[in-house]
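This report concerns only the one structure given below.
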Amino acid sequence: MIYQDSGALLDDIQKSLSNLDLVVALKIIKKYLSLINKSNYEFLIINLIKICRLNNNSFDLIIEELKKLNTSTYLFKISTYISLFYTSLSSNRYDKALIYLDIIRRAKTVGKNCLFISSLETLLDRYSNRIDNIPNYCEEEYQYIKSKCELLLSKKGIILLDSMDEYQINVYIKVLKERFPNISYSVVNDKNKKRIALIYKRKERIFYDFNKKYIELNEYYKKENYSECINLCKEMIEFGQWRPSVFAKLGLNYIKVGNNLEAIDYLTYATLLSQTLPEEQDVKRYDYTKIIRDLKHNINYSKLESKKSIGTKELHKIISYIYETKLDVETACYNLGLNDLDIKIVKLLLAKIYYSQGSLKKGDEFVTSVERSLDKNTGIIEMLNEIKRNKKIYVHKGKIFEEQLSLTFKPNK
């Protein structure tokens with residue numbers, strides 16, 4: 001089916017691109033692709049925008065491709081981008097070659113596979129032998145790392161990202177180096193992929209007696225004081241003790257207090273770190289694979305949607321805290337002990353309240369924040385879609401919350 005009412009969106013996309021307002025353009029592009037049922041081609045459009053930026057910001061190619069996508073005869077040809085990859089290499093445009101390589105790599109999301117992708121990667125590496133040519137990260141990639149860094153500052157310890165290929169690892173490392181230079185991180189091997197661990201580390205340098213702390217740690221464990229063990233392990237990590245044994249002990253103590261989700265991350269990282277470090281470092285090799293598998297099996301993920309029931313009373317507390325501290329909603333919720341899913345629920349409830357109070361722009365701001373976030377489960381997606389679908393109903397219905405919300409509230413920093 002060809003959608004006729006997509007022309008206005010194309011005009012808005014063209015206008016935003018002309019003004020180099022890429023954040024707005026990407027939001028409208030997402031809406032357009034969703035409308036024409038081609039959301040799985042987002043990777044293509046984002047990469048083509050990067051190509052256009054290298055071509056003096058001429059975005060005609062984007063509009064042309066978006067129009068083609070809205071036809072019944074559209075056919076994605078991976079051979080086109082393989083050819084462009086070789087052309088870029090031959091003209092020493094390694095920056096463009098990297099972008100085309102990313103298109104080729106991600107083409108599997110639309111059912112197109114390149115059987116010799118590793119050969120192309122090797123060829124590019126041989127030609128360029130540089131990592132500086134990694135194309136600029138998109139807004140969504142920046143927001144993803146930003147949310148993880150904020151979570152790290154709230155939780156301390158580590159935040160272990162998902163497994164990813166070499167290319168995506170390098171993109172996220174570029175985000176960390178350019179936008180979050182004070183955040184420490186480590187990269188570990190995970191079979192044929194890699195993982196990034198964000199690690200909370202203190203800025204100040206003072207003497208810290210690790211041997212003495214190890215003795216204290218063992219004493220706490222013998223006394224079954226597992227909470228103190230967890231606090232002490234995190235403190236050791238803060239002061240730079242990143243041996244696999246510390247992460248392993250932390251994971252094992254989380255099992256003792258019944259926090260299997262945290263235990264899985266720390267035991268996974270201890271396993272991967274011990275197997276990544278070179279043998280000459282004489283590090284004990286850990287393998288908690290079986291324990292991790294058992295822990296995952298025992299977690300009822302359907303009950304992990306929220307730590308708390310976010311009712312009217314709980315929402316009043318959160319709103320009062322935001323007024324008192326003048327923090328953004330995300331940071332305030334982290335301080336109050338809410339998890340990522342709790343925070344998404346709070347944002348959507350606030351959006352609903354703003355709509356009912358006639359503050360459409362503010363409501364949209366909170367909805368967009370949840371839309372752009374990663375790790376949305378089925379419950380959050382359903383709630384998000386329901387609020388978007390009933391937006392006008394909330395407006396006509398009027399106030400659903402007795403307290404008038406301040407227009408100064410922000411979803412995040």
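Residue numbers start at 1 in each chain; chains themselves are named A, B, ... in the order of the structure tokens; ligands are numbered from 1 in the order shown.
The set of residues in region 50-282 of chain A assigned to strand (DSSP E or B) by DSSP, using only backbone atoms of this structure, is A:Ile158, A:Ile159, A:Leu160, A:Met164, A:Ser184, A:Tyr185, A:Ser186, A:Val187, A:Val188, A:Asn189, A:Asp190, A:Lys193, A:Lys194, A:Arg195, A:Ile196, A:Ala197, A:Leu198, A:Ile199.
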Go ahead and dump the residues you just picked, C-alpha atoms, as a tab-separated table (two decimals), in the first residue's frame.
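Result written to part-v3.tsv:
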```tsv
chain	number	residue	atom	x	y	z
A	158	ILE	CA	29.51	-1.14	36.88
A	159	ILE	CA	26.95	-0.96	34.08
A	160	LEU	CA	27.49	-3.80	31.61
A	164	MET	CA	28.03	-5.91	20.07
A	184	SER	CA	35.89	5.04	33.03
A	185	TYR	CA	35.21	1.96	30.95
A	186	SER	CA	36.61	-1.42	30.01
A	187	VAL	CA	36.13	-3.58	26.89
A	188	VAL	CA	36.01	-7.37	27.25
A	189	ASN	CA	35.74	-10.19	24.73
A	190	ASP	CA	32.44	-12.08	24.55
A	193	LYS	CA	31.78	-10.05	19.94
A	194	LYS	CA	32.70	-7.56	22.68
A	195	ARG	CA	31.08	-5.77	25.61
A	196	ILE	CA	31.68	-2.42	27.27
A	197	ALA	CA	31.53	-2.10	31.05
A	198	LEU	CA	31.11	1.43	32.40
A	199	ILE	CA	32.92	1.58	35.74
```
Practice prompt. Assign secondary structure with DSSP using the backbone only, and return the residues of region 31-177 of chain A in alpha helix (DSSP H) as a ChimeraX atom specification.
Written response: /A:31-35,42-54,60-69,78-90,94-106,117-128,139-155,166-177
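Proximity ranking of A:Leu327, A:Leu250, A:Leu84, A:Leu22 relative to Arg53 (chain A) places A:Leu22 first, based on only C-alpha atoms.
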Discussion item. At a cut-off of 12 Å, using only C-alpha atoms, what residues contact Lys146 (chain A)? Leave out same-chain residues fewer than 6 positions from it and give the result as a list in words.
Written reply: Glu139, Glu140, Leu152, Leu153, Tyr172, Val175, Leu176, Glu178, Arg179, Phe180, Pro181, Ile183, Leu198, Glu330, Ser373, Leu374, Asn412 and Lys413 of chain A
Item to complete: Between A:Lys391, A:Leu35, A:Cys229, A:Val246, single out the one closest to Lys361 (chain A), counting only C-alpha atoms.
Response: A:Lys391
Worksheet item: Which polymer residues have any atom within 12 Å of an atom of Thr109 (chain A), counting only C-alpha atoms, with same-chain residues fewer than 6 positions away left out, as a list of chain:residue names?
Response: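 Skipping anything fewer than 6 positions along the chain leaves A:Lys38, A:Ser39, A:Asn40, A:Tyr41, A:Glu42, A:Phe43, A:Leu44, A:Phe76, A:Ile78, A:Asp102, A:Ile103.
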How would the residues just picked look written out with C-alpha atoms as a PDB file, in the first residue's frame?
```pdb
ATOM      1  CA  LYS A  38       9.290   0.629   6.857  1.00  0.00           C
ATOM      2  CA  SER A  39      10.771   1.237  10.333  1.00  0.00           C
ATOM      3  CA  ASN A  40      13.339  -1.497   9.738  1.00  0.00           C
ATOM      4  CA  TYR A  41      15.009   0.791   7.148  1.00  0.00           C
ATOM      5  CA  GLU A  42      15.928   3.423   9.752  1.00  0.00           C
ATOM      6  CA  PHE A  43      19.547   2.206   9.729  1.00  0.00           C
ATOM      7  CA  LEU A  44      19.747   3.002   5.998  1.00  0.00           C
ATOM      8  CA  PHE A  76      16.823  -2.758  -1.406  1.00  0.00           C
ATOM      9  CA  ILE A  78      22.867  -4.640  -1.077  1.00  0.00           C
ATOM     10  CA  ASP A 102      27.688  -0.284   8.309  1.00  0.00           C
ATOM     11  CA  ILE A 103      24.789  -0.321   5.821  1.00  0.00           C
TER      12      ILE A 103
END
```
Worksheet item: Looking at only C-alpha atoms, which of A:Ser18, A:Ser79, A:Ser119, A:Asn385 is the one that sits closest to Phe59 (chain A)?
Response: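 Between A:Ser18, A:Ser79, A:Ser119, A:Asn385, the residue approaching Phe59 (chain A) most closely is A:Ser18.
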Worksheet item: Which one of A:Asp95, A:Tyr86, A:Lys77, A:Gln168 sits closest to Asn55 (chain A) if you count only C-alpha atoms?
Response: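 That would be A:Asp95, the residue with the smallest distance to Asn55 (chain A).
Using only C-alpha atoms, the contacts of Lys296 (chain A) at a cut-off of 10 Å, with sequence neighbours closer than 5 positions omitted, comprise A:Asn260, A:Leu261, A:Ile264, A:Lys290, A:Ile291, A:Tyr301.
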Restricting it to N, CA and C atoms, dump the selection as a short mmCIF file (atom, residue, chain, number, x, y, z; two decimals), in the first residue's frame.
```
data_model
loop_
_atom_site.label_atom_id
_atom_site.label_comp_id
_atom_site.auth_asym_id
_atom_site.auth_seq_id
_atom_site.Cartn_x
_atom_site.Cartn_y
_atom_site.Cartn_z
N ASN A 260 19.38 -11.21 41.99
CA ASN A 260 19.95 -12.02 40.92
C ASN A 260 20.32 -11.21 39.67
N LEU A 261 19.57 -10.16 39.40
CA LEU A 261 19.86 -9.35 38.21
C LEU A 261 21.25 -8.72 38.30
N ILE A 264 24.02 -11.40 38.05
CA ILE A 264 24.29 -11.86 36.68
C ILE A 264 25.30 -10.94 35.99
N LYS A 290 27.52 -21.52 34.21
CA LYS A 290 26.43 -22.37 34.71
C LYS A 290 25.61 -21.65 35.77
N ILE A 291 26.29 -20.95 36.68
CA ILE A 291 25.57 -20.20 37.73
C ILE A 291 24.70 -19.12 37.10
N TYR A 301 10.85 -12.77 34.78
CA TYR A 301 10.99 -11.45 34.17
C TYR A 301 9.65 -10.72 34.05
#
```
Practice prompt. Choose the residue, out of A:Leu348, A:Met383, A:Ala332, A:Leu75, that has the smallest atom-to-atom separation from Ser154 (chain A); count only C-alpha atoms.
Written response: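 Under the stated criterion, the closest residue is A:Ala332.
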Worksheet item: CA of Glu324 (chain A) and CA of Leu384 (chain A) are how many Å apart?
Response: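 Atom-to-atom, CA of Glu324 (chain A) and CA of Leu384 (chain A) are spaced 27.9 Å apart.
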Worksheet item: Counting only C-alpha atoms, which of A:Ser90, A:Arg243, A:Asn253, A:Ser118 gets nearest to Asn231 (chain A)?
Response: A:Asn253
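The gap separating CA of Lys234 (chain A) from CA of Asp209 (chain A) is 14.5 Å, in Å to one decimal.
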